[in-house]
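Q: Have a look at this one.
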Amino acid sequence: MAKDSLTITDNRTNKTYEIPIQYGTYPQYGASIRATDLRQIKNGEEDFGLLSYDPAFGNTASCRSAITFVDGERGILRYRGYPIDQLAEKSSYLEVAYLILHGELPDEQQLKVWVDDITIHTMVHESIKKFLDGFRYDAHPMGVFVGAVGALSTFYPDARGVDDPDCRAIQITRLIAKVPTLAAMAFRHSRGMPYVYPDNDLSLTGNFLNMLWRTAEPKYEPNPVLERALDVLFILHVDHEQNCSANAMRSIGSSRPDPYCALSGAAAALYGPLHGGANEAVLRMLAGIGTRANVNKFVEGVKGGKERLMGFGHRVYKNYDPRARIIKQTADEVFAVTGVNPLLEIALELEQVALKDEYFIERKLYPNVDFYSGIIYQAMGFPVDMFPVLFAIPRTAGWLAQWEELLKDKEQRIARPRQVYDGNDTRDYVEVGKRPPAAS
Ligand code: CMC
């Protein structure tokens, strides 16, 4: 009779072990074994037991999660069960943030209270302004953002009560409300412009545009198409299950610091060019290619290992990234207002050439979320170095949902991977004069 287990024979000892196979709520979405079950497999009394070796977590489930579902082979992304295209079309960023954090869409009253709560928490302490003054005039806004979010920890010492659900709720509200303000301040600092206070009459994205662009006008009126486009882009970036920055949020959160410190670490993980820094890298790449005529030469360079085609490829998606498809539609709406970004031509040509090329087909490399987002951001007037910050604002909701889930999960403990030690075996210390000269 079929059994939900593995029978493993250790050929070193000829011993046989039976290891249970476990399923999540949906058996079709993955069976697993407990890695610690392998520890009973020993090659003698003194042996520590078998480890599973998995650099970069290529095949390790670090948690059970009910937040986001990604099926990379079929190009599916759902938040709490809702397909991303439905949310992008019908919902708003703040409603999706509520969904991702609470597990259900809010009813009318809950949505109103949530939006009001976020709106009244958008201000930051005046001392943040002085703190930001310490950054150099040309500081990268993402570095400023990472520092400023971490600094919030010192303003809210109560936030250390991470095991108290009410305490967590207030920090979550504060963070979601304040990250757009900090992001806008980071931008204004880099431009030497005075900071703009939040305007509570505006939507979250409308107010963000106000804090970025307002100059001397008494009241800033955001363009509704750009306000909505930004909202859609925010929805697409809310969460993406156990990626590098979510893993950083969980790993830091597992030692129980306040969420500002954990989120600052997650944002730092996002900053890298292989993760949220990719949209910035795409723009620099497109600008470097310069004209459509240079695309083939560039692609040859990628195939020869001289370059990387930024905005292409994904650890999980081995099919078109569903977010990239929605972004392409949003691009058309934005360009109708701003005029077409000249880099679009190069991007379209690059996509066409790559999708037909054996190198990319074989490796299942398709455009990811970052391939077109930068082109839209640039057309909307954002400088390239703001792109990762624009990613971090909505991802804050996702990081917090991952953090909250971690803290409620009884199976989770402080994150502490094992290693396979590869260094020197025991050796005796030799005094400095008695050591042989080091090889140059
Ligand atoms: N350009 C050229 N070759 C690539 C690319 C690329 N963008 N991505 C992967 N490859 C090749 C890679 O060289 C390797 O080839 P080979 O088997 O001959 O050695 C093969 O494809 C498998 O790549 P990998 O590096 O093992 O794949 P990974 O899952 O470790 O990396 C990735 C995923 C996203 C880091 C990578 O595809 C990449 O660097 N892409 C460019 C950066 C980027 O766009 N990042 C944004 C990701 S989506 C948003 C987010 O999550 O932040």
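Going through the structure tokens in order, the chains are called A, B, and so on, while each chain numbers its residues from 1 and the ligands are numbered from 1 in the order shown.
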At a cut-off of 9 Å and counting only C-alpha atoms and all ligand atoms, what residues surround ligand 1? Please answer as number ranges by chain.
A: A: 56, 58, 237, 240, 243-245, 270-279, 281-282, 299, 302-303, 305, 307-317, 321, 359-360, 362-371, 391
Q: Let's see if you can do this: from backbone DSSP, list all helix (DSSP H, G or I) residues in stretch 61-192 of chain A, as a ChimeraX atom specification.
A: /A:84-90,93-102,108-120,127-133,141-155,157-160,165-191
Q: With a cut-off of 12 Å, could you pull out the residues of stretch 81-175 of chain A touching stretch 205-209 of chain A and give me the nearest pair of atoms for each, distance in Å to one decimal, using only C-alpha atoms, ordered by chain and ascending number, as CSV?
A:
```
residue,atom,partner,partner_atom,distance
A:Ser92,CA,A:Thr205,CA,10.0
A:Tyr93,CA,A:Thr205,CA,8.7
A:Leu94,CA,A:Thr205,CA,9.7
A:Ile118,CA,A:Asn207,CA,11.9
A:Thr119,CA,A:Asn207,CA,9.4
A:Thr122,CA,A:Asn207,CA,9.5
A:Met123,CA,A:Asn207,CA,11.5
```
Q: Between atom CA of A:Leu407 and atom CA of A:Asp163, what is the spacing in Å?
A: 7.3 Å
Q: How many Å separate atom CA of A:Glu349 from atom CA of A:Arg292?
A: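 One can read the atom CA of A:Glu349 to atom CA of A:Arg292 distance as 6.6 Å.
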Q: For stretch 420-434 of chain A, find every residue with an atom within 10 Å (counting only C-alpha atoms), except residues of its own chain fewer than 4 positions away, and show them as a VMD selection string.
A: chain A and resid 51 to 53
Q: Selection from above, N, CA and C atoms, as an mmCIF file, in the first residue's frame, can you write it?
A:
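Final output, out27.cif:
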```cif
data_model
loop_
_atom_site.group_PDB
_atom_site.id
_atom_site.type_symbol
_atom_site.label_atom_id
_atom_site.label_comp_id
_atom_site.auth_asym_id
_atom_site.auth_seq_id
_atom_site.Cartn_x
_atom_site.Cartn_y
_atom_site.Cartn_z
ATOM 1 N N LEU A 51 23.116 16.364 7.381
ATOM 2 C CA LEU A 51 22.539 17.700 7.139
ATOM 3 C C LEU A 51 22.047 17.752 5.705
ATOM 4 N N SER A 52 21.086 18.634 5.410
ATOM 5 C CA SER A 52 20.785 18.885 3.996
ATOM 6 C C SER A 52 21.554 20.149 3.619
ATOM 7 N N TYR A 53 22.287 20.098 2.513
ATOM 8 C CA TYR A 53 23.132 21.213 2.087
ATOM 9 C C TYR A 53 22.379 21.976 1.002
#
```
Q: Using only C-alpha atoms, which protein or nucleic acid residues come within 12 Å of A:Gly134? Drop anything in the same chain fewer than 5 positions from it, and give the result as a VMD selection string.
A: chain A and resid 127 to 129 139 144 147 to 148 186 189 to 190
Q: Would you output that residue set with all heavy atoms, as an mmCIF file, in the first residue's frame?
A:
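out.cif, freshly written:
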```cif
data_model
loop_
_atom_site.group_PDB
_atom_site.id
_atom_site.type_symbol
_atom_site.label_atom_id
_atom_site.label_comp_id
_atom_site.auth_asym_id
_atom_site.auth_seq_id
_atom_site.Cartn_x
_atom_site.Cartn_y
_atom_site.Cartn_z
ATOM 1 N N SER A 127 12.558 65.784 14.655
ATOM 2 C CA SER A 127 13.997 65.487 14.761
ATOM 3 C C SER A 127 14.515 64.693 13.580
ATOM 4 O O SER A 127 15.721 64.676 13.324
ATOM 5 C CB SER A 127 14.287 64.698 16.035
ATOM 6 O OG SER A 127 13.924 65.444 17.133
ATOM 7 N N ILE A 128 13.604 64.002 12.886
ATOM 8 C CA ILE A 128 14.030 63.226 11.705
ATOM 9 C C ILE A 128 14.665 64.188 10.691
ATOM 10 O O ILE A 128 15.608 63.834 9.996
ATOM 11 C CB ILE A 128 12.822 62.481 11.086
ATOM 12 C CG1 ILE A 128 12.375 61.348 11.999
ATOM 13 C CG2 ILE A 128 13.131 61.972 9.687
ATOM 14 C CD1 ILE A 128 13.103 60.046 11.851
ATOM 15 N N LYS A 129 14.125 65.418 10.631
ATOM 16 C CA LYS A 129 14.665 66.386 9.669
ATOM 17 C C LYS A 129 16.134 66.674 9.977
ATOM 18 O O LYS A 129 16.973 66.711 9.085
ATOM 19 C CB LYS A 129 13.871 67.703 9.744
ATOM 20 C CG LYS A 129 12.479 67.556 9.201
ATOM 21 C CD LYS A 129 11.818 68.827 8.707
ATOM 22 C CE LYS A 129 11.704 69.968 9.581
ATOM 23 N NZ LYS A 129 10.657 70.930 9.338
ATOM 24 N N ALA A 139 23.767 61.877 -1.106
ATOM 25 C CA ALA A 139 23.504 60.534 -0.572
ATOM 26 C C ALA A 139 22.456 59.813 -1.417
ATOM 27 O O ALA A 139 21.458 60.431 -1.827
ATOM 28 C CB ALA A 139 23.025 60.648 0.868
ATOM 29 N N VAL A 144 19.661 56.518 2.500
ATOM 30 C CA VAL A 144 18.994 57.413 3.455
ATOM 31 C C VAL A 144 17.740 56.721 4.012
ATOM 32 O O VAL A 144 17.475 56.747 5.222
ATOM 33 C CB VAL A 144 18.614 58.751 2.775
ATOM 34 C CG1 VAL A 144 17.831 59.644 3.725
ATOM 35 C CG2 VAL A 144 19.868 59.464 2.272
ATOM 36 N N GLY A 147 18.607 54.051 6.519
ATOM 37 C CA GLY A 147 19.021 54.671 7.778
ATOM 38 C C GLY A 147 17.849 55.285 8.533
ATOM 39 O O GLY A 147 17.726 55.127 9.751
ATOM 40 N N ALA A 148 16.966 55.950 7.801
ATOM 41 C CA ALA A 148 15.855 56.653 8.453
ATOM 42 C C ALA A 148 14.854 55.665 9.048
ATOM 43 O O ALA A 148 14.337 55.885 10.151
ATOM 44 C CB ALA A 148 15.167 57.585 7.458
ATOM 45 N N ALA A 186 13.850 61.605 1.757
ATOM 46 C CA ALA A 186 15.152 61.155 1.237
ATOM 47 C C ALA A 186 15.388 61.782 -0.136
ATOM 48 O O ALA A 186 16.484 62.245 -0.453
ATOM 49 C CB ALA A 186 15.187 59.624 1.145
ATOM 50 N N HIS A 189 15.925 65.634 0.181
ATOM 51 C CA HIS A 189 17.266 65.888 0.719
ATOM 52 C C HIS A 189 18.298 65.816 -0.407
ATOM 53 O O HIS A 189 19.177 66.675 -0.521
ATOM 54 C CB HIS A 189 17.607 64.873 1.809
ATOM 55 C CG HIS A 189 19.019 65.001 2.306
ATOM 56 N ND1 HIS A 189 19.385 65.938 3.242
ATOM 57 C CD2 HIS A 189 20.157 64.346 1.966
ATOM 58 C CE1 HIS A 189 20.679 65.849 3.467
ATOM 59 N NE2 HIS A 189 21.176 64.887 2.703
ATOM 60 N N SER A 190 18.159 64.775 -1.261
ATOM 61 C CA SER A 190 19.159 64.598 -2.319
ATOM 62 C C SER A 190 19.082 65.718 -3.357
ATOM 63 O O SER A 190 20.014 65.912 -4.126
ATOM 64 C CB SER A 190 18.996 63.219 -2.984
ATOM 65 O OG SER A 190 17.810 63.193 -3.738
#
```
Q: Using only C-alpha atoms, which residues sit within 6 Å of stretch 393-398 of chain A once same-chain residues fewer than 2 positions away are excluded, as a VMD selection string?
A: chain A and resid 97 179 234 237 to 239 390 to 391 400 to 401
Q: Could you jot down the atom CA of A:Val384 to atom CA of A:Met249 separation for me, Å, one decimal place?
A: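 About the pair atom CA of A:Val384 and atom CA of A:Met249: they are 25.0 Å apart.
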Q: For each of A:Ala248, A:Asp258, A:Gln28, A:Ala415, take the minimum atom-to-atom distance to A:Gln171, counting only C-alpha atoms, then give the residue where this is smallest.
A: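 Using only C-alpha atoms, the shortest distance to A:Gln171 belongs to A:Asp258.
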Q: What lies within 9 Å of A:Val196 using only C-alpha atoms, ignoring chain neighbours under 5 positions off, as a VMD selection string?
A: chain A and resid 181 184 to 185 188 210 to 215
Q: Residues at most 10 Å from A:Leu111, counting only C-alpha atoms, excluding those fewer than 6 positions away in the same chain, as a list in words?
A: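 Those residues are Leu94, Glu95, Tyr98, Leu105 and Asp117 of chain A.
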Q: Let's have the selection written as a compact mmCIF listing (two decimals), in the first residue's frame, with all heavy atoms.
A:
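Result file out.txt:
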```txt
# COMPACT_ATOMS: atom_id res chain seq x y z
N LEU A 94 -3.81 50.53 -0.47
CA LEU A 94 -4.09 50.40 0.97
C LEU A 94 -5.04 49.25 1.27
O LEU A 94 -4.92 48.59 2.29
CB LEU A 94 -4.65 51.72 1.53
CG LEU A 94 -3.58 52.74 1.95
CD1 LEU A 94 -4.21 53.95 2.61
CD2 LEU A 94 -2.52 52.14 2.87
N GLU A 95 -5.98 48.99 0.35
CA GLU A 95 -6.87 47.84 0.56
C GLU A 95 -6.06 46.54 0.48
O GLU A 95 -6.25 45.63 1.28
CB GLU A 95 -7.99 47.84 -0.49
CG GLU A 95 -9.01 46.76 -0.22
CD GLU A 95 -10.17 46.76 -1.23
OE1 GLU A 95 -9.93 46.52 -2.42
OE2 GLU A 95 -11.30 46.99 -0.79
N TYR A 98 -4.12 46.01 3.59
CA TYR A 98 -5.00 45.46 4.64
C TYR A 98 -5.17 43.95 4.42
O TYR A 98 -5.05 43.15 5.35
CB TYR A 98 -6.36 46.16 4.60
CG TYR A 98 -7.31 45.72 5.71
CD1 TYR A 98 -7.47 46.49 6.86
CD2 TYR A 98 -8.02 44.52 5.60
CE1 TYR A 98 -8.32 46.07 7.87
CE2 TYR A 98 -8.86 44.09 6.62
CZ TYR A 98 -9.02 44.88 7.75
OH TYR A 98 -9.85 44.46 8.76
N LEU A 105 -10.15 40.71 2.73
CA LEU A 105 -10.44 42.07 2.29
C LEU A 105 -11.28 42.77 3.36
O LEU A 105 -12.14 42.12 3.98
CB LEU A 105 -11.21 42.04 0.96
CG LEU A 105 -10.38 41.69 -0.27
CD1 LEU A 105 -11.30 41.38 -1.45
CD2 LEU A 105 -9.42 42.82 -0.64
N ASP A 117 -6.68 55.71 9.70
CA ASP A 117 -5.55 55.46 10.61
C ASP A 117 -4.21 55.71 9.94
O ASP A 117 -3.33 56.35 10.50
CB ASP A 117 -5.56 53.98 11.04
CG ASP A 117 -6.23 53.81 12.38
OD1 ASP A 117 -6.70 54.81 12.94
OD2 ASP A 117 -6.28 52.65 12.85
```
Q: Using DSSP assignments from the backbone, pull out every residue in stretch 31-139 of chain A that falls under strand (DSSP E) and give it to me as a short mmCIF file (atom, residue, chain, number, x, y, z; two decimals) with C-alpha atoms, in the first residue's frame.
A:
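Okay, this is what ended up in result_39.cif:
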```
data_model
loop_
_atom_site.label_atom_id
_atom_site.label_comp_id
_atom_site.auth_asym_id
_atom_site.auth_seq_id
_atom_site.Cartn_x
_atom_site.Cartn_y
_atom_site.Cartn_z
CA ALA A 31 5.21 17.90 -0.21
CA SER A 32 8.17 18.12 2.10
CA THR A 68 1.39 34.88 -1.10
CA PHE A 69 1.25 32.08 -3.63
CA VAL A 70 3.64 32.01 -6.57
CA ASP A 71 3.63 29.29 -9.22
CA ILE A 76 0.76 32.79 -11.25
CA LEU A 77 0.86 35.27 -8.37
CA ARG A 78 -1.89 35.52 -5.74
CA TYR A 79 -2.13 37.48 -2.49
CA TYR A 82 -6.70 36.68 -4.95
CA PRO A 83 -5.08 36.77 -8.43
#
```
Q: Between A:Glu405, A:Leu202, A:Met386, A:Ile84, which residue has the minimum interatomic distance to A:Val96, considering only C-alpha atoms?
A: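 For A:Val96, the nearest of the candidates is A:Ile84.
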